[in-house]
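Quick look at upload01.cif (mmCIF, N, CA and C atoms):
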data_work
loop_
_atom_site.label_atom_id
_atom_site.label_comp_id
_atom_site.auth_asym_id
_atom_site.auth_seq_id
_atom_site.Cartn_x
_atom_site.Cartn_y
_atom_site.Cartn_z
N MET A 1 0.36 -27.55 5.05
CA MET A 1 0.30 -26.33 4.27
C MET A 1 -1.14 -26.13 3.80
N LYS A 2 -1.62 -24.90 3.91
CA LYS A 2 -2.99 -24.60 3.52
C LYS A 2 -3.07 -24.39 2.01
N PRO A 3 -4.20 -24.75 1.40
CA PRO A 3 -4.32 -24.58 -0.05
C PRO A 3 -4.39 -23.11 -0.46
N LEU A 4 -3.82 -22.80 -1.61
CA LEU A 4 -3.89 -21.45 -2.17
C LEU A 4 -5.16 -21.30 -2.99
N ARG A 5 -5.65 -20.08 -3.05
CA ARG A 5 -6.83 -19.75 -3.84
C ARG A 5 -6.49 -19.82 -5.32
N ASN A 6 -5.27 -19.46 -5.64
CA ASN A 6 -4.80 -19.34 -7.01
C ASN A 6 -3.33 -19.75 -6.98
N LYS A 7 -2.87 -20.47 -7.95
CA LYS A 7 -1.48 -20.97 -7.91
C LYS A 7 -0.44 -19.87 -7.90
N THR A 8 -0.81 -18.63 -8.30
CA THR A 8 0.15 -17.53 -8.27
C THR A 8 0.16 -16.79 -6.94
N ASP A 9 -0.77 -17.09 -6.04
CA ASP A 9 -0.82 -16.42 -4.75
C ASP A 9 0.35 -16.85 -3.87
N LYS A 10 0.90 -15.91 -3.12
CA LYS A 10 1.95 -16.22 -2.16
C LYS A 10 1.32 -16.53 -0.79
N TYR A 11 0.19 -15.88 -0.52
CA TYR A 11 -0.52 -16.06 0.74
C TYR A 11 -1.87 -16.71 0.47
N THR A 12 -2.37 -17.40 1.47
CA THR A 12 -3.67 -18.03 1.35
C THR A 12 -4.72 -17.16 2.03
N PHE A 13 -5.96 -17.39 1.71
CA PHE A 13 -7.05 -16.58 2.25
C PHE A 13 -7.98 -17.44 3.08
N GLY A 14 -8.44 -16.91 4.18
CA GLY A 14 -9.35 -17.64 5.05
C GLY A 14 -8.61 -18.55 6.01
N GLU A 15 -9.26 -18.89 7.08
CA GLU A 15 -8.64 -19.71 8.12
C GLU A 15 -8.19 -21.07 7.61
N ASN A 16 -8.96 -21.63 6.70
CA ASN A 16 -8.63 -22.95 6.17
C ASN A 16 -7.86 -22.90 4.86
N GLY A 17 -7.64 -21.72 4.34
CA GLY A 17 -6.92 -21.56 3.08
C GLY A 17 -7.82 -21.76 1.87
N GLY A 18 -7.41 -21.17 0.77
CA GLY A 18 -8.10 -21.35 -0.50
C GLY A 18 -9.41 -20.60 -0.64
N GLU A 19 -9.73 -19.72 0.31
CA GLU A 19 -11.00 -19.01 0.25
C GLU A 19 -10.88 -17.77 -0.63
N SER A 20 -12.03 -17.28 -1.07
CA SER A 20 -12.09 -16.10 -1.93
C SER A 20 -11.81 -14.84 -1.14
N MET A 21 -11.48 -13.78 -1.87
CA MET A 21 -11.27 -12.47 -1.28
C MET A 21 -12.40 -11.55 -1.73
N TYR A 22 -12.85 -10.70 -0.83
CA TYR A 22 -13.93 -9.77 -1.12
C TYR A 22 -13.50 -8.35 -0.85
N HIS A 23 -14.01 -7.43 -1.65
CA HIS A 23 -13.81 -6.00 -1.43
C HIS A 23 -14.77 -5.57 -0.33
N PRO A 24 -14.41 -4.54 0.45
CA PRO A 24 -15.33 -4.09 1.51
C PRO A 24 -16.72 -3.69 0.98
N ASP A 25 -16.80 -3.31 -0.28
CA ASP A 25 -18.11 -2.98 -0.87
C ASP A 25 -18.94 -4.22 -1.15
N GLY A 26 -18.35 -5.41 -0.98
CA GLY A 26 -19.10 -6.65 -1.10
C GLY A 26 -18.84 -7.48 -2.33
N TYR A 27 -18.17 -6.90 -3.33
CA TYR A 27 -17.95 -7.71 -4.53
C TYR A 27 -16.77 -8.65 -4.36
N LYS A 28 -16.87 -9.80 -4.99
CA LYS A 28 -15.85 -10.84 -4.89
C LYS A 28 -14.74 -10.58 -5.92
N VAL A 29 -13.51 -10.70 -5.48
CA VAL A 29 -12.38 -10.66 -6.39
C VAL A 29 -12.36 -12.03 -7.09
N PRO A 30 -12.34 -12.05 -8.42
CA PRO A 30 -12.35 -13.34 -9.11
C PRO A 30 -11.21 -14.25 -8.63
N ASP A 31 -11.53 -15.52 -8.44
CA ASP A 31 -10.53 -16.46 -7.92
C ASP A 31 -9.33 -16.63 -8.85
N ASP A 32 -9.53 -16.37 -10.15
CA ASP A 32 -8.41 -16.53 -11.08
C ASP A 32 -7.61 -15.23 -11.26
N GLU A 33 -7.99 -14.17 -10.53
CA GLU A 33 -7.24 -12.91 -10.61
C GLU A 33 -6.08 -12.95 -9.63
N PRO A 34 -4.85 -12.82 -10.12
CA PRO A 34 -3.71 -12.80 -9.19
C PRO A 34 -3.79 -11.59 -8.26
N ILE A 35 -3.41 -11.80 -7.03
CA ILE A 35 -3.41 -10.73 -6.02
C ILE A 35 -1.99 -10.63 -5.46
N LEU A 36 -1.52 -9.41 -5.33
CA LEU A 36 -0.20 -9.17 -4.78
C LEU A 36 -0.36 -8.43 -3.46
N ILE A 37 0.25 -8.94 -2.41
CA ILE A 37 0.16 -8.33 -1.09
C ILE A 37 1.53 -7.80 -0.71
N PHE A 38 1.55 -6.54 -0.30
CA PHE A 38 2.78 -5.95 0.23
C PHE A 38 2.60 -5.86 1.74
N ARG A 39 3.54 -6.41 2.49
CA ARG A 39 3.45 -6.39 3.94
C ARG A 39 4.18 -5.19 4.52
N ALA A 40 3.68 -4.68 5.63
CA ALA A 40 4.26 -3.50 6.28
C ALA A 40 5.69 -3.74 6.73
N LYS A 41 6.06 -4.97 6.99
CA LYS A 41 7.42 -5.26 7.49
C LYS A 41 8.48 -5.15 6.39
N ASP A 42 8.07 -5.08 5.15
CA ASP A 42 9.00 -5.04 4.03
C ASP A 42 9.28 -3.61 3.58
N LEU A 43 10.55 -3.24 3.55
CA LEU A 43 10.93 -1.89 3.15
C LEU A 43 10.48 -1.55 1.73
N GLY A 44 10.49 -2.53 0.84
CA GLY A 44 10.10 -2.29 -0.54
C GLY A 44 8.67 -1.83 -0.69
N THR A 45 7.86 -2.03 0.34
CA THR A 45 6.47 -1.57 0.30
C THR A 45 6.41 -0.06 0.09
N LEU A 46 7.38 0.67 0.65
CA LEU A 46 7.40 2.13 0.48
C LEU A 46 7.55 2.53 -0.99
N ALA A 47 8.39 1.80 -1.72
CA ALA A 47 8.57 2.09 -3.14
C ALA A 47 7.29 1.80 -3.91
N ALA A 48 6.61 0.73 -3.56
CA ALA A 48 5.34 0.39 -4.22
C ALA A 48 4.28 1.45 -3.94
N ILE A 49 4.21 1.91 -2.70
CA ILE A 49 3.25 2.96 -2.33
C ILE A 49 3.53 4.22 -3.11
N THR A 50 4.80 4.61 -3.16
CA THR A 50 5.19 5.83 -3.87
C THR A 50 4.75 5.77 -5.33
N SER A 51 5.04 4.70 -6.00
CA SER A 51 4.67 4.55 -7.41
C SER A 51 3.16 4.55 -7.59
N TYR A 52 2.45 3.87 -6.71
CA TYR A 52 0.99 3.79 -6.83
C TYR A 52 0.35 5.15 -6.60
N LEU A 53 0.79 5.88 -5.58
CA LEU A 53 0.24 7.22 -5.35
C LEU A 53 0.53 8.14 -6.54
N ASP A 54 1.75 8.08 -7.06
CA ASP A 54 2.09 8.90 -8.23
C ASP A 54 1.19 8.57 -9.41
N MET A 55 0.93 7.29 -9.63
CA MET A 55 0.06 6.86 -10.73
C MET A 55 -1.36 7.37 -10.52
N LEU A 56 -1.85 7.30 -9.29
CA LEU A 56 -3.23 7.73 -9.02
C LEU A 56 -3.44 9.21 -9.31
N ILE A 57 -2.49 10.04 -8.92
CA ILE A 57 -2.71 11.47 -9.13
C ILE A 57 -2.57 11.88 -10.60
N GLU A 58 -2.04 10.99 -11.43
CA GLU A 58 -1.96 11.26 -12.86
C GLU A 58 -3.23 10.83 -13.61
N GLN A 59 -4.13 10.13 -12.92
CA GLN A 59 -5.35 9.64 -13.56
C GLN A 59 -6.37 10.76 -13.74
N GLU A 60 -7.27 10.56 -14.69
CA GLU A 60 -8.40 11.47 -14.87
C GLU A 60 -9.20 11.48 -13.57
N PRO A 61 -9.49 12.66 -13.01
CA PRO A 61 -10.23 12.71 -11.74
C PRO A 61 -11.58 12.01 -11.82
N SER A 62 -11.89 11.24 -10.77
CA SER A 62 -13.18 10.58 -10.65
C SER A 62 -13.38 10.22 -9.18
N SER A 63 -14.59 9.85 -8.83
CA SER A 63 -14.85 9.46 -7.45
C SER A 63 -14.08 8.20 -7.08
N THR A 64 -13.88 7.31 -8.04
CA THR A 64 -13.12 6.09 -7.78
C THR A 64 -11.66 6.42 -7.48
N ILE A 65 -11.07 7.31 -8.27
CA ILE A 65 -9.67 7.70 -8.03
C ILE A 65 -9.55 8.39 -6.68
N LYS A 66 -10.51 9.25 -6.35
CA LYS A 66 -10.49 9.93 -5.05
C LYS A 66 -10.49 8.91 -3.91
N THR A 67 -11.37 7.92 -3.96
CA THR A 67 -11.43 6.94 -2.87
C THR A 67 -10.16 6.08 -2.83
N HIS A 68 -9.57 5.80 -3.99
CA HIS A 68 -8.31 5.05 -4.02
C HIS A 68 -7.18 5.86 -3.36
N ILE A 69 -7.12 7.15 -3.65
CA ILE A 69 -6.09 8.00 -3.05
C ILE A 69 -6.27 8.03 -1.54
N ILE A 70 -7.50 8.22 -1.08
CA ILE A 70 -7.77 8.28 0.36
C ILE A 70 -7.40 6.96 1.03
N SER A 71 -7.79 5.85 0.42
CA SER A 71 -7.48 4.55 1.04
C SER A 71 -5.97 4.30 1.04
N MET A 72 -5.27 4.72 -0.01
CA MET A 72 -3.82 4.56 -0.04
C MET A 72 -3.14 5.44 1.01
N LEU A 73 -3.64 6.65 1.21
CA LEU A 73 -3.07 7.50 2.26
C LEU A 73 -3.30 6.89 3.64
N ASN A 74 -4.48 6.33 3.86
CA ASN A 74 -4.76 5.68 5.15
C ASN A 74 -3.84 4.50 5.39
N VAL A 75 -3.67 3.65 4.38
CA VAL A 75 -2.80 2.48 4.56
C VAL A 75 -1.33 2.91 4.66
N THR A 76 -0.94 3.95 3.94
CA THR A 76 0.43 4.45 4.02
C THR A 76 0.72 4.94 5.44
N GLU A 77 -0.22 5.69 6.00
CA GLU A 77 -0.07 6.19 7.36
C GLU A 77 0.12 5.02 8.35
N ALA A 78 -0.69 3.98 8.18
CA ALA A 78 -0.60 2.82 9.06
C ALA A 78 0.73 2.08 8.88
N ILE A 79 1.18 1.94 7.64
CA ILE A 79 2.43 1.22 7.36
C ILE A 79 3.63 1.99 7.90
N VAL A 80 3.68 3.29 7.66
CA VAL A 80 4.81 4.09 8.15
C VAL A 80 4.83 4.08 9.68
N SER A 81 3.67 4.19 10.31
CA SER A 81 3.61 4.12 11.78
C SER A 81 4.10 2.76 12.28
N TYR A 82 3.69 1.71 11.60
CA TYR A 82 4.13 0.35 11.96
C TYR A 82 5.65 0.25 11.83
N GLN A 83 6.18 0.75 10.72
CA GLN A 83 7.62 0.62 10.49
C GLN A 83 8.44 1.42 11.50
N LYS A 84 7.89 2.48 12.04
CA LYS A 84 8.61 3.28 13.03
C LYS A 84 8.75 2.54 14.36
N THR A 85 7.89 1.57 14.61
CA THR A 85 7.89 0.90 15.91
C THR A 85 8.30 -0.57 15.84
N ARG A 86 8.63 -1.05 14.65
CA ARG A 86 8.98 -2.46 14.49
C ARG A 86 10.31 -2.59 13.76
N SER A 87 10.84 -3.77 13.79
CA SER A 87 12.04 -4.08 13.01
C SER A 87 11.59 -4.49 11.62
N VAL A 88 11.78 -3.60 10.67
CA VAL A 88 11.41 -3.91 9.29
C VAL A 88 12.63 -4.38 8.53
N LYS A 89 12.42 -5.08 7.45
CA LYS A 89 13.52 -5.69 6.72
C LYS A 89 13.39 -5.47 5.22
N SER A 90 14.55 -5.49 4.58
CA SER A 90 14.52 -5.64 3.13
C SER A 90 14.36 -7.13 2.90
N VAL A 91 14.60 -7.62 1.74
CA VAL A 91 14.33 -9.03 1.47
C VAL A 91 15.10 -9.97 2.40
N THR A 92 16.36 -9.67 2.65
CA THR A 92 17.13 -10.62 3.45
C THR A 92 17.87 -10.03 4.65
N CYS A 93 17.83 -8.73 4.85
CA CYS A 93 18.61 -8.18 5.95
C CYS A 93 17.91 -7.01 6.61
N SER A 94 18.41 -6.60 7.76
CA SER A 94 17.76 -5.55 8.52
C SER A 94 17.98 -4.19 7.89
N GLN A 95 17.14 -3.25 8.31
CA GLN A 95 17.25 -1.90 7.77
C GLN A 95 18.57 -1.22 8.14
N LYS A 96 19.23 -1.68 9.19
CA LYS A 96 20.52 -1.10 9.57
C LYS A 96 21.55 -1.24 8.46
N ALA A 97 21.39 -2.24 7.62
CA ALA A 97 22.35 -2.49 6.55
C ALA A 97 22.16 -1.53 5.37
N HIS A 98 21.04 -0.82 5.35
CA HIS A 98 20.72 0.00 4.18
C HIS A 98 20.22 1.39 4.58
N ARG A 99 20.92 2.07 5.46
CA ARG A 99 20.46 3.36 5.97
C ARG A 99 20.20 4.38 4.85
N ALA A 100 21.08 4.49 3.89
CA ALA A 100 20.90 5.47 2.80
C ALA A 100 19.69 5.13 1.95
N THR A 101 19.51 3.84 1.66
CA THR A 101 18.35 3.41 0.88
C THR A 101 17.07 3.71 1.63
N ILE A 102 17.05 3.44 2.92
CA ILE A 102 15.86 3.67 3.73
C ILE A 102 15.52 5.15 3.77
N LYS A 103 16.52 5.97 3.96
CA LYS A 103 16.29 7.42 3.98
C LYS A 103 15.66 7.87 2.66
N GLY A 104 16.16 7.36 1.55
CA GLY A 104 15.60 7.69 0.24
C GLY A 104 14.18 7.18 0.06
N LEU A 105 13.91 5.96 0.53
CA LEU A 105 12.55 5.40 0.43
C LEU A 105 11.55 6.24 1.21
N TYR A 106 11.91 6.62 2.44
CA TYR A 106 11.00 7.44 3.25
C TYR A 106 10.83 8.83 2.64
N SER A 107 11.90 9.39 2.11
CA SER A 107 11.82 10.70 1.48
C SER A 107 10.90 10.66 0.26
N ASP A 108 11.09 9.66 -0.60
CA ASP A 108 10.24 9.51 -1.79
C ASP A 108 8.78 9.29 -1.41
N CYS A 109 8.56 8.46 -0.40
CA CYS A 109 7.21 8.16 0.05
C CYS A 109 6.56 9.42 0.62
N ASN A 110 7.29 10.17 1.44
CA ASN A 110 6.74 11.41 2.01
C ASN A 110 6.38 12.41 0.92
N GLU A 111 7.23 12.50 -0.11
CA GLU A 111 6.94 13.41 -1.22
C GLU A 111 5.67 12.98 -1.96
N ALA A 112 5.51 11.68 -2.18
CA ALA A 112 4.31 11.17 -2.85
C ALA A 112 3.07 11.43 -2.01
N VAL A 113 3.18 11.26 -0.70
CA VAL A 113 2.06 11.54 0.20
C VAL A 113 1.69 13.01 0.14
N GLU A 114 2.68 13.89 0.21
CA GLU A 114 2.42 15.33 0.14
C GLU A 114 1.74 15.70 -1.18
N ASN A 115 2.23 15.12 -2.28
CA ASN A 115 1.62 15.40 -3.59
C ASN A 115 0.18 14.90 -3.65
N ALA A 116 -0.08 13.73 -3.09
CA ALA A 116 -1.43 13.17 -3.10
C ALA A 116 -2.38 14.02 -2.24
N ILE A 117 -1.90 14.50 -1.10
CA ILE A 117 -2.73 15.34 -0.23
C ILE A 117 -3.04 16.66 -0.93
N LYS A 118 -2.04 17.26 -1.58
CA LYS A 118 -2.27 18.50 -2.34
C LYS A 118 -3.27 18.26 -3.47
N HIS A 119 -3.13 17.13 -4.14
CA HIS A 119 -4.03 16.77 -5.25
C HIS A 119 -5.46 16.61 -4.75
N LEU A 120 -5.64 15.92 -3.63
CA LEU A 120 -6.98 15.77 -3.06
C LEU A 120 -7.60 17.12 -2.77
N SER A 121 -6.82 18.03 -2.24
CA SER A 121 -7.32 19.35 -1.89
C SER A 121 -7.64 20.19 -3.13
N SER A 122 -6.70 20.23 -4.07
CA SER A 122 -6.89 21.11 -5.24
C SER A 122 -7.89 20.56 -6.25
N VAL A 123 -7.93 19.26 -6.45
CA VAL A 123 -8.80 18.67 -7.47
C VAL A 123 -10.17 18.30 -6.90
N TYR A 124 -10.18 17.76 -5.67
CA TYR A 124 -11.43 17.24 -5.12
C TYR A 124 -11.99 18.09 -3.98
N GLY A 125 -11.25 19.12 -3.54
CA GLY A 125 -11.71 19.93 -2.43
C GLY A 125 -11.79 19.15 -1.12
N PHE A 126 -10.93 18.14 -0.98
CA PHE A 126 -10.94 17.26 0.18
C PHE A 126 -9.67 17.45 0.98
N ASP A 127 -9.80 17.78 2.25
CA ASP A 127 -8.63 17.96 3.11
C ASP A 127 -8.38 16.67 3.87
N PHE A 128 -7.16 16.18 3.78
CA PHE A 128 -6.77 14.92 4.42
C PHE A 128 -5.74 15.23 5.49
N GLU A 129 -5.96 14.71 6.69
CA GLU A 129 -5.00 14.86 7.79
C GLU A 129 -4.13 13.62 7.85
N TYR A 130 -2.83 13.82 7.67
CA TYR A 130 -1.87 12.73 7.69
C TYR A 130 -0.96 12.90 8.88
N GLU A 131 -0.82 11.84 9.70
CA GLU A 131 -0.07 11.98 10.94
C GLU A 131 1.09 11.03 11.11
N ALA A 132 1.48 10.31 10.10
CA ALA A 132 2.56 9.32 10.28
C ALA A 132 3.91 9.98 10.42
#
Turn the structure described in the file into C-alpha cells.
Amino acid sequence: MKPLRNKTDKYTFGENGGESMYHPDGYKVPDDEPILIFRAKDLGTLAAITSYLDMLIEQEPSSTIKTHIISMLNVTEAIVSYQKTRSVKSVTCSQKAHRATIKGLYSDCNEAVENAIKHLSSVYGFDFEYEA
C-alpha cells in the first residue's frame, strides 16, 4: 500500500504515494489540507457538481469565481460524457437499480449547468459552449 499524503486522504498522490498536490497555476496545496476527490464513475458526483455550481453563481462576482465556474463546466462536461459511455455506479450497485434517482440527478445537474452558463453570459459577458 502506498503512503498517503494526509491521513484523511482516500487516494494517494504521485507514483510512489505521499506526494504533494499542486494547482495548475503552480501553488502547492498544503499537505495538511484535506482533499476530497469525486470520481466520474460515481453517480453521487452529479449531486456534488450541482451543489457546487449553485454555490458559485451565488457568490459575489469576481475573476476567481468566473474561472471556477468555467473549470467546473469543463469538468462537468467531461464527467457527463464519461458517464454516458461507461458503467457508472452508486456506492454499491449499478445505475440500473436506481433509474428514477439517476434521472433526477441528471436533470438537477443539467439545470445547474444551464444556470451557470446563463450566469457567465449575463454577469461576465462570457459565452460557454457545453456539449455533454
Quick one: apply the PyMOL selection byres ((chain A and resi 109-122) around 6.5) to the file and drop the selected residues here as a compact mmCIF listing (two decimals) with N, CA and C atoms, in the frame of the given file.
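Listed below is the output, expr_29.txt:
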# COMPACT_ATOMS: atom_id res chain seq x y z
N LEU A 46 7.38 0.67 0.65
CA LEU A 46 7.40 2.13 0.48
C LEU A 46 7.55 2.53 -0.99
N ILE A 49 4.21 1.91 -2.70
CA ILE A 49 3.25 2.96 -2.33
C ILE A 49 3.53 4.22 -3.11
N THR A 50 4.80 4.61 -3.16
CA THR A 50 5.19 5.83 -3.87
C THR A 50 4.75 5.77 -5.33
N LEU A 53 0.79 5.88 -5.58
CA LEU A 53 0.24 7.22 -5.35
C LEU A 53 0.53 8.14 -6.54
N ASP A 54 1.75 8.08 -7.06
CA ASP A 54 2.09 8.90 -8.23
C ASP A 54 1.19 8.57 -9.41
N ILE A 57 -2.49 10.04 -8.92
CA ILE A 57 -2.71 11.47 -9.13
C ILE A 57 -2.57 11.88 -10.60
N GLY A 104 16.16 7.36 1.55
CA GLY A 104 15.60 7.69 0.24
C GLY A 104 14.18 7.18 0.06
N LEU A 105 13.91 5.96 0.53
CA LEU A 105 12.55 5.40 0.43
C LEU A 105 11.55 6.24 1.21
N TYR A 106 11.91 6.62 2.44
CA TYR A 106 11.00 7.44 3.25
C TYR A 106 10.83 8.83 2.64
N SER A 107 11.90 9.39 2.11
CA SER A 107 11.82 10.70 1.48
C SER A 107 10.90 10.66 0.26
N ASP A 108 11.09 9.66 -0.60
CA ASP A 108 10.24 9.51 -1.79
C ASP A 108 8.78 9.29 -1.41
N VAL A 123 -7.93 19.26 -6.45
CA VAL A 123 -8.80 18.67 -7.47
C VAL A 123 -10.17 18.30 -6.90
N TYR A 124 -10.18 17.76 -5.67
CA TYR A 124 -11.43 17.24 -5.12
C TYR A 124 -11.99 18.09 -3.98
N GLY A 125 -11.25 19.12 -3.54
CA GLY A 125 -11.71 19.93 -2.43
C GLY A 125 -11.79 19.15 -1.12
N PHE A 126 -10.93 18.14 -0.98
CA PHE A 126 -10.94 17.26 0.18
C PHE A 126 -9.67 17.45 0.98
N ASP A 127 -9.80 17.78 2.25
CA ASP A 127 -8.63 17.96 3.11
C ASP A 127 -8.38 16.67 3.87
N PHE A 128 -7.16 16.18 3.78
CA PHE A 128 -6.77 14.92 4.42
C PHE A 128 -5.74 15.23 5.49
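A straight line drawn from atom N of Asn6 (chain A) to CA of Tyr52 (chain A) is 24.1 Å long.
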Q) Any idea what's packed within 12 Å of Ala132 (chain A), counting only C-alpha atoms, ignoring anything in its chain fewer than 2 positions away? Could you give it as number ranges by chain? A) A: 73-85, 106, 109-110, 113-114, 129-130
Q. For the atom pair CA of Asp42 (chain A) and atom C of Ile69 (chain A), what is the interatomic distance in Å to one decimal place?
A. 20.9 Å
Quick one: what's the axis-aligned box for region 115-118 of chain A, all listed atoms, 4 Å on every side, centre and edges in Å to one decimal, as AutoDock Vina command-line options?
--center_x -0.5 --center_y 15.8 --center_z -1.9 --size_x 13.5 --size_y 13.3 --size_z 11.4
Q: Determine the residue membership of the PyMOL selection byres ((chain A and resi 16-25) around 6) for the file above and supply it as a list in words.
A: Lys2, Pro3, Leu4, Arg5, Thr12, Phe13, Gly14, Glu15, Gly26, Tyr27, Lys28 and Val29 of chain A
**Q.** Two-atom distance - atom N of Ser87 (chain A), CA of Arg39 (chain A) (Å)
**A.** 12.6 Å
Write out as a PDB file with N, CA and C atoms, in the frame of the given file the residues lying within 8 Å of Pro34 (chain A), counting only C-alpha atoms and excluding same-chain residues fewer than 3 positions away.
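Contents of around36.pdb, as written:
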ATOM      1  N   ASN A   6      -5.270 -19.460  -5.640  1.00  0.00           N
ATOM      2  CA  ASN A   6      -4.800 -19.340  -7.010  1.00  0.00           C
ATOM      3  C   ASN A   6      -3.330 -19.750  -6.980  1.00  0.00           C
ATOM      4  N   THR A   8      -0.810 -18.630  -8.300  1.00  0.00           N
ATOM      5  CA  THR A   8       0.150 -17.530  -8.270  1.00  0.00           C
ATOM      6  C   THR A   8       0.160 -16.790  -6.940  1.00  0.00           C
ATOM      7  N   ASP A   9      -0.770 -17.090  -6.040  1.00  0.00           N
ATOM      8  CA  ASP A   9      -0.820 -16.420  -4.750  1.00  0.00           C
ATOM      9  C   ASP A   9       0.350 -16.850  -3.870  1.00  0.00           C
ATOM     10  N   ASP A  31     -11.530 -15.520  -8.440  1.00  0.00           N
ATOM     11  CA  ASP A  31     -10.530 -16.460  -7.920  1.00  0.00           C
ATOM     12  C   ASP A  31      -9.330 -16.630  -8.850  1.00  0.00           C
TER      13      ASP A  31
END
Q) So which residues of chain A fall under alpha helix (DSSP H) by DSSP, listed as a ChimeraX atom specification? A) /A:44-57,63-85,99-124
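For the choices A:Met72, A:Lys7, A:Glu58, A:Arg86, the atom-to-atom distance to Lys41 (chain A) is smallest for A:Arg86 when using only C-alpha atoms.
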